[in-house]
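Contents: one structure, followed by commentary.
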Amino acid sequence: MKRWRNLSLRVRLTLLYVGLLALLLAVLGGVLYWDFQNFLLESTATRLRAQAKPIIDEASAAAAPLEHAQTLARDLTSRETVALIIGPDGETVAVGKTLPEEPAPPPPDPAYDARALAGENEVTYVAQMNGQRYLVLLIPWRSAPGSPDILGVIQLSTPLAPIENILLRQKLMLGLGMMLTLLAGLAGGLWLTSSALKPLNQMTETCERIAEGDLSQRVNLPEREDEIGRLAQAFDHMVARLEAAFAAQRRFVANAAHELRTPLTAIRGSLEVLMRGAQDDPAATSRLTQGMYREVVRLSRLSEQLLDLSRIGAGATIHKQPIDLQAFFDDFLYQARLLARDRTVTLDAGDPVTILADPDALMEMLFNLMDNAVQHTAENGIITLGWRTTPESVQLWVADDGEGIPADDLPRIFEPFYRGDSSRSRRQGGSGLGLALVQALVEAHGGRITVESQPGQGARFTITLPLTMRDVDPLEKIG
Amino acid sequence: MNAKDVNPATGPRILVIEDEPTIIEFLRTGLGYEGYQVTIAPDGRTGFDLAGHQSFDLIILDLMLPDMDGFDVCRKLRERGNETPIIMLTARQEVADRVTGLNLGADDYITKPFSFDELVARIRALLRRQGKHPEQSILSVGDMVLNAETHEVSRAGEPITLTPTEFALLELFMRHPRRVFTRETLLNRVWGYDYAGDANVVDVHISHLREKIRDKPPRLIQTIYGVGYALHPEDDA
Ligand SMILES: Nc1ncnc2c1ncn2[C@@H]1O[C@H](COP(=O)(O)OP(=O)(O)OP(=O)(O)O)[C@@H](O)[C@H]1O
Ligand SMILES: [Mg+2]
């Protein structure tokens with residue numbers, strides 16, 4: 001069984017196919033042969049009976065027919081047939097063979113003779129004599145056709161050699177035909193399986209190349225709607241997704257490295273310049289140290305953000321707790337106003353509601369949105385926070401009346417490391433991870449985040465969190 | 001304290017096109033100390049305009065700029081027939097970028113994070129290649145002559161044999177006459193940034209050096225009490 005499984009699918013399918021074909025042919029050939037043989041025997045028997053009937057009838061018509069037994073036997077004998085007449089007691093009464101070229105009759109078989117004597121009309125059997133086979137017919141010799149009065153049994157026998165010759169030829173032809181059919185079946189089966197399985201080989205090769213690291217490989221089967229075609233399509237689709245995911249991963253790492261490089265360059269350069277002599281000048285020293293301090297703060301914020309992102313990406317657990325939004329925002333407003341400095345921060349409170357969320361994560365989301373709003377509004381700008389509930393969800397928003405976001409940037413701002421041009425030239429130490437982090441946190445809560453903005457008229461970020469029945473799970477409330 | 005060792009009107013002029021404030025700060029300060037006149041452009045457009053209006057000996061160009069990226073600035077400058085040598089600062093190391101950078105007419109590139117010493121070395125090499133403001137290899141102060149290439153020193157025509165450390169100290173002083181070097185700075189520049197020994201080693205080497213160059217009061221290499229050392233040519237009043 002093991003060895004069978006080790007054979008290639010192609011060989012296995014072909015063997016199975018050819019095996020079935022052989023079985024079918026053998027059964028069919030056997031039946032055909034058997035049928036043909038019966039037909040030959042029967043037609044010979046029928047012919048012999050038909051030929052004998054008038055002769056027997058005539059002999060029966062004579063007076064004291066038994067006396068003419070010898071004549072009858074003689075009349076019934078020819079080059080291919082020998083007649084033998086057996087009396088009612090089973091004794092041989094007359095033998096038709098007189099000439100040497102006439103075949104010898106096989107000895108009478110008492111069991112069959114008895115059946116014929118009992119009145120059975122059509123007793124036919126095959127007898128063996130001296131390695132030769134004979135067809136033997138027994139005909140009850142009646143005193144008149146249809147009369148129950150049986151005088152004896154006429155045994156007609158004929159050698160089977162001519163029939164056997166025909167059958168032999170037949171057998172040869174059948175065998176040859178079978179062989180040819182099997183060969184054709186084998187070739188056809190191999191062709192069929194290999195053409196059906198060729199795409200699989202192609203896929204295997206592609207897989208191997210992909211395993212070597214080339215994710216741009218595709219099976220690219222010509223359009224086909226069968227199972228293999230669908231498999232290949234699904235496979236190509238999967239590889240495309242993988243390739244995209246890997247490319248995104250690489251981009252992320254490259255971006256992260258770039259973001260790390262800039263502050264590192266600044267810190268390294270500043271240190272070198274200090275050590276080369278700027279340290280002897282207090283004014284230069286203070287400028288350079290301040291710069292380095294800023295860069296270190298930026299580096300630590302960046303590493304913090306990267307860590308957060310990777311933790312959420314790795315499916316870090318969100319510890320949901322019931323949060324009373326009114327109380328939460330009262331707390332948050334204090335911090336938001338600190339962050340906003342001279343900008344006006346107003347709260348547009350909705351109906352009191354308790355949601356189930358991770359308070360730290362919620363704080364982080366709003367804080368990042370708030371930070372962005374502050375970065376992108378004028379000193380005297382207005383920032384609005386608020387929430388609304390619907391039966392199934394709660395919407396939280398942070399809106400500002402600042403510079404807004406160009407339409408080109410809108411679809412990209414949630415990408416990690418993406419920063420609008422205006423933000424980059426602003427030289428604030430951001431890295432473009434803020435919104436990516438917010439989005440990851442929101443999605444970890446089963447929610448989504450959207451943005452609306454008109455350049456010059458501010459931006460509005462809306463977080464929609466589901467308010468499902470699960471959210472008021474009493475067990476979690478206790479915990 | 002005098003930050004400018006070289007007359008500001010004569011040092012090579014360098015345009016730095018860079019948007020990161022901390023990088024700008026150390027380039028401005030560091031290159032200033034090296035005797036270059038530094039002009040800053042915080043974005044590509046400003047840099048491009050400045051390069052069109054004034055003449056510079058060299059441009060340091062960041063590849064990642066908020067408006068026009070470094071490649072664009074470089075290409076446009078060259079299209080306009082500006083042949084000022086350019087050193088590109090890039091965060092990407094791929095050879096492809098290297099090639100594009102050079103094809104677009106940048107003369108050299110340096111990847112972030114780079115060492116300031118390395119940047120200075122590249123600047124010097126590029127300026128030397130351009131034949132502009134070649135660095136002097138023979139320095140002289142009074143009757144003392146130092147050949148930076150052959151490492152030969154003589155005073156009043158008499159050759160003096162110095163150890164490499166003494167030679168490096170003397171060269172530093174002679175390149176920056178009148179500038180006061182603290183012991184820490186001397187340690188960093190002559191012994192290396194990661195030298196962890198006692199600052200007294202500076203005093204020891206200075207006194208050996210003074211002996212060898214027969215530096216008697218009024219001294220060429222003066223001790224500035226509480227600060228460090230400085231070289232004052234004899235003709236200084
Ligand atoms: N309220 C806003 N108004 C205008 N533009 C915005 C606003 N919020 C975000 N943006 C744009 O989206 C970009 C991405 O924002 P994100 O918070 O991800 O990065 P960042 O604020 O630049 O950096 P970080 O948050 O890491 O400090 C910003 O660079 C800015 O161009
Ligand atoms: Mg942000």
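Every chain in the structure tokens has a letter given in the order shown (A, B, ...), and although residue numbers restart at 1 in each chain, ligands are simply numbered from 1 in the order shown.
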
When you look at stretch 218-232 of chain B with a cut-off of 8 Å (counting only C-alpha atoms), what residues show up, excluding the ones that are within fewer than 4 positions of it in the same chain? I need them as number ranges by chain. B: 173-174, 176-183, 210, 236

Would you kindly return, as a VMD selection string, each protein, DNA or RNA residue with an atom no farther than 7 Å from any atom of A:Val239, considering only C-alpha atoms and excluding same-chain residues fewer than 4 positions away? chain A and resid 215 235 243

Generate the output file for the selected residues, N, CA, C and O atoms, as a PDB file, in the first residue's frame.
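Final output, saved to result20.pdb:
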ATOM      1  N   LEU A 215       8.773  35.815  -4.689  1.00  0.00           N
ATOM      2  CA  LEU A 215       7.321  35.904  -4.547  1.00  0.00           C
ATOM      3  C   LEU A 215       6.635  36.473  -5.776  1.00  0.00           C
ATOM      4  O   LEU A 215       5.418  36.558  -5.819  1.00  0.00           O
ATOM      5  N   PHE A 235      -4.457  29.904  -6.035  1.00  0.00           N
ATOM      6  CA  PHE A 235      -3.046  29.902  -5.641  1.00  0.00           C
ATOM      7  C   PHE A 235      -2.381  31.220  -6.017  1.00  0.00           C
ATOM      8  O   PHE A 235      -1.742  31.871  -5.183  1.00  0.00           O
ATOM      9  N   GLU A 243       2.639  38.467  -1.535  1.00  0.00           N
ATOM     10  CA  GLU A 243       3.666  39.370  -2.047  1.00  0.00           C
ATOM     11  C   GLU A 243       3.388  40.792  -1.584  1.00  0.00           C
ATOM     12  O   GLU A 243       4.286  41.503  -1.122  1.00  0.00           O
TER      13      GLU A 243
END

Within 12 Å of ligand 2 (counting only C-alpha atoms and all ligand atoms), which residues show up? I'd like them as a PyMOL selection string. chain A and resi 301-302+305+364-376+413-420+423-424+428-439

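Residue nearest chain A, chosen from B:Asp107, B:Glu149, B:Glu83, B:Glu34 and counting only C-alpha atoms: B:Glu34.
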
For a quick test of understanding: name the residues of chain A lying within 6 Å of chain B when counting only C-alpha atoms, and present them as a ChimeraX atom specification. /A:261,265-266,269-270,273,275-277,291,421,424-425

Which one is closest to ligand 1: A:Ala257, A:Ala407, A:Leu190, A:Ala459? Count only C-alpha atoms and all ligand atoms.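 Closest to ligand 1, using only C-alpha atoms and all ligand atoms: A:Ala459.
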
Work out how far apart atom CA of A:Leu264 and atom CA of B:Glu18 are and give it in Å to one decimal.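 That distance, rounded to one decimal, is 15.3 Å.
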
Taking the backbone alone, and naming residues the way the document does, which bits of stretch 167-406 of chain A are helix (DSSP H, G or I) by DSSP, as number ranges by chain? A: 167-211, 227-275, 278-280, 282-313, 325-340, 359-375

Can you tell me how far atom CA of A:Glu80 sits from atom CA of A:Glu101, in Å to one decimal?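 Computed distance, atom CA of A:Glu80 to atom CA of A:Glu101, equals 9.0 Å.
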
Please list as a ChimeraX atom specification every residue within 8 Å of stretch 351-363 of chain A, counting only C-alpha atoms and excluding residues in the same chain fewer than 6 positions away. /A:318-326,332,388-389,441,445,467,471-472

Based on the selection just made, write all heavy atoms of those residues as a compact mmCIF listing (two decimals), in the first residue's frame.
# COMPACT_ATOMS: atom_id res chain seq x y z
N ILE A 318 -6.91 43.58 24.22
CA ILE A 318 -7.54 44.85 24.56
C ILE A 318 -8.35 44.57 25.82
O ILE A 318 -9.13 43.61 25.85
CB ILE A 318 -8.49 45.25 23.40
CG1 ILE A 318 -7.68 45.55 22.15
CG2 ILE A 318 -9.41 46.36 23.78
CD1 ILE A 318 -7.23 46.96 22.02
N HIS A 319 -8.11 45.32 26.86
CA HIS A 319 -8.84 45.06 28.11
C HIS A 319 -10.03 45.99 28.19
O HIS A 319 -9.92 47.12 28.63
CB HIS A 319 -7.92 45.26 29.31
CG HIS A 319 -6.74 44.36 29.27
ND1 HIS A 319 -6.83 43.01 29.49
CD2 HIS A 319 -5.45 44.60 28.96
CE1 HIS A 319 -5.63 42.46 29.35
NE2 HIS A 319 -4.78 43.40 29.02
N LYS A 320 -11.18 45.46 27.77
CA LYS A 320 -12.36 46.30 27.72
C LYS A 320 -12.96 46.46 29.11
O LYS A 320 -13.00 45.52 29.90
CB LYS A 320 -13.41 45.67 26.79
CG LYS A 320 -13.05 45.81 25.34
CD LYS A 320 -14.22 45.38 24.48
CE LYS A 320 -13.87 45.45 23.02
NZ LYS A 320 -14.96 44.94 22.19
N GLN A 321 -13.38 47.69 29.35
CA GLN A 321 -14.07 47.99 30.61
C GLN A 321 -15.21 48.92 30.28
O GLN A 321 -15.15 49.64 29.30
CB GLN A 321 -13.13 48.73 31.56
CG GLN A 321 -11.98 47.91 32.08
CD GLN A 321 -11.03 48.78 32.88
OE1 GLN A 321 -11.40 49.84 33.37
NE2 GLN A 321 -9.80 48.31 32.99
N PRO A 322 -16.22 48.95 31.15
CA PRO A 322 -17.28 49.91 30.92
C PRO A 322 -16.73 51.32 31.16
O PRO A 322 -16.03 51.57 32.14
CB PRO A 322 -18.34 49.57 31.98
CG PRO A 322 -17.88 48.32 32.63
CD PRO A 322 -16.45 48.12 32.34
N ILE A 323 -16.99 52.20 30.20
CA ILE A 323 -16.51 53.58 30.35
C ILE A 323 -17.70 54.52 30.22
O ILE A 323 -18.43 54.47 29.22
CB ILE A 323 -15.49 53.91 29.25
CG1 ILE A 323 -14.27 52.99 29.36
CG2 ILE A 323 -15.06 55.37 29.33
CD1 ILE A 323 -13.31 53.13 28.22
N ASP A 324 -17.87 55.36 31.22
CA ASP A 324 -18.91 56.38 31.14
C ASP A 324 -18.32 57.54 30.33
O ASP A 324 -17.39 58.21 30.78
CB ASP A 324 -19.28 56.83 32.55
CG ASP A 324 -20.26 58.00 32.51
OD1 ASP A 324 -20.78 58.29 31.41
OD2 ASP A 324 -20.49 58.59 33.58
N LEU A 325 -18.86 57.76 29.14
CA LEU A 325 -18.25 58.72 28.23
C LEU A 325 -18.21 60.13 28.82
O LEU A 325 -17.25 60.86 28.63
CB LEU A 325 -18.97 58.73 26.89
CG LEU A 325 -18.50 57.69 25.87
CD1 LEU A 325 -19.10 57.98 24.51
CD2 LEU A 325 -16.98 57.64 25.78
N GLN A 326 -19.27 60.50 29.53
CA GLN A 326 -19.31 61.86 30.09
C GLN A 326 -18.11 62.06 31.03
O GLN A 326 -17.36 63.02 30.88
CB GLN A 326 -20.63 62.07 30.87
CG GLN A 326 -20.79 63.48 31.42
CD GLN A 326 -21.00 64.52 30.33
OE1 GLN A 326 -21.91 64.39 29.51
NE2 GLN A 326 -20.14 65.53 30.28
N PHE A 332 -10.60 63.93 29.97
CA PHE A 332 -9.77 64.13 28.79
C PHE A 332 -9.69 65.62 28.44
O PHE A 332 -8.64 66.10 27.99
CB PHE A 332 -10.33 63.34 27.62
CG PHE A 332 -9.50 63.46 26.38
CD1 PHE A 332 -8.24 62.87 26.31
CD2 PHE A 332 -9.94 64.19 25.29
CE1 PHE A 332 -7.47 63.01 25.19
CE2 PHE A 332 -9.17 64.32 24.16
CZ PHE A 332 -7.92 63.73 24.11
N ARG A 388 -21.99 61.04 19.80
CA ARG A 388 -23.42 60.80 19.57
C ARG A 388 -23.62 59.30 19.62
O ARG A 388 -22.74 58.54 19.24
CB ARG A 388 -23.83 61.26 18.17
CG ARG A 388 -24.01 62.75 18.01
CD ARG A 388 -25.26 63.27 18.71
NE ARG A 388 -25.35 64.71 18.64
CZ ARG A 388 -24.67 65.55 19.43
NH1 ARG A 388 -23.87 65.08 20.36
NH2 ARG A 388 -24.79 66.85 19.28
N THR A 389 -24.83 58.89 20.05
CA THR A 389 -25.10 57.45 20.05
C THR A 389 -26.23 57.14 19.09
O THR A 389 -27.13 57.96 18.88
CB THR A 389 -25.51 56.96 21.46
OG1 THR A 389 -26.49 57.85 21.96
CG2 THR A 389 -24.33 56.94 22.38
N LEU A 441 -5.93 50.73 16.64
CA LEU A 441 -6.65 50.61 17.92
C LEU A 441 -8.16 50.54 17.69
O LEU A 441 -8.86 49.74 18.31
CB LEU A 441 -6.32 51.81 18.82
CG LEU A 441 -4.93 51.79 19.45
CD1 LEU A 441 -4.60 53.12 20.09
CD2 LEU A 441 -4.85 50.67 20.48
N HIS A 445 -10.99 47.36 18.29
CA HIS A 445 -12.25 47.45 19.02
C HIS A 445 -13.43 47.11 18.12
O HIS A 445 -14.58 47.31 18.53
CB HIS A 445 -12.45 48.87 19.56
CG HIS A 445 -11.72 49.12 20.84
ND1 HIS A 445 -10.38 49.42 20.87
CD2 HIS A 445 -12.12 49.09 22.14
CE1 HIS A 445 -10.01 49.59 22.13
NE2 HIS A 445 -11.03 49.38 22.92
N LEU A 467 -21.95 49.28 19.46
CA LEU A 467 -22.55 49.16 20.80
C LEU A 467 -23.36 47.88 20.80
O LEU A 467 -24.58 47.92 20.78
CB LEU A 467 -23.51 50.33 21.04
CG LEU A 467 -23.06 51.57 21.75
CD1 LEU A 467 -24.22 52.51 21.93
CD2 LEU A 467 -22.43 51.24 23.07
N ASP A 471 -21.41 44.04 24.37
CA ASP A 471 -20.68 45.08 25.09
C ASP A 471 -21.17 45.28 26.52
O ASP A 471 -20.47 45.84 27.34
CB ASP A 471 -20.79 46.40 24.34
CG ASP A 471 -19.82 46.42 23.20
OD1 ASP A 471 -19.16 45.39 22.98
OD2 ASP A 471 -19.72 47.44 22.55
N VAL A 472 -22.42 44.83 26.78
CA VAL A 472 -22.91 45.01 28.15
C VAL A 472 -22.96 43.66 28.85
O VAL A 472 -23.82 43.41 29.67
CB VAL A 472 -24.29 45.71 28.18
CG1 VAL A 472 -24.09 47.20 28.06
CG2 VAL A 472 -25.17 45.21 27.08

Contacts of B:Gln37 at 8 Å (only C-alpha atoms; same-chain gap of 4+ positions) as a tab-separated table (two decimals) with C-alpha atoms, in the first residue's frame:
chain	number	residue	atom	x	y	z
B	8	PRO	CA	34.68	84.77	6.67
B	11	GLY	CA	36.52	80.49	3.33
B	12	PRO	CA	34.82	78.24	0.77
B	13	ARG	CA	31.08	78.93	0.54
B	14	ILE	CA	28.80	75.95	1.13
B	31	LEU	CA	31.28	73.49	9.06
B	32	GLY	CA	31.63	77.02	10.44

Running DSSP on the backbone, which parts of stretch 86-229 of chain A land in strand (DSSP E), as a ChimeraX atom specification? /A:86,92-95,123-129,132-142,150-159

What's the separation between atom CA of A:Leu168 and atom CA of A:Ala52, in Å to one decimal place?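 Between atom CA of A:Leu168 and atom CA of A:Ala52 the gap is 28.3 Å.
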
As a PyMOL selection string, please: the residues near B:Thr84 (cut-off 8 Å, only C-alpha atoms, same-chain neighbours under 3 positions excluded). chain B and resi 56-59

Taking into account only C-alpha atoms and all ligand atoms, which residue in the set A:Ile383, A:Leu182, A:Ile405, A:Val451 is nearest to ligand 1? A:Ile405
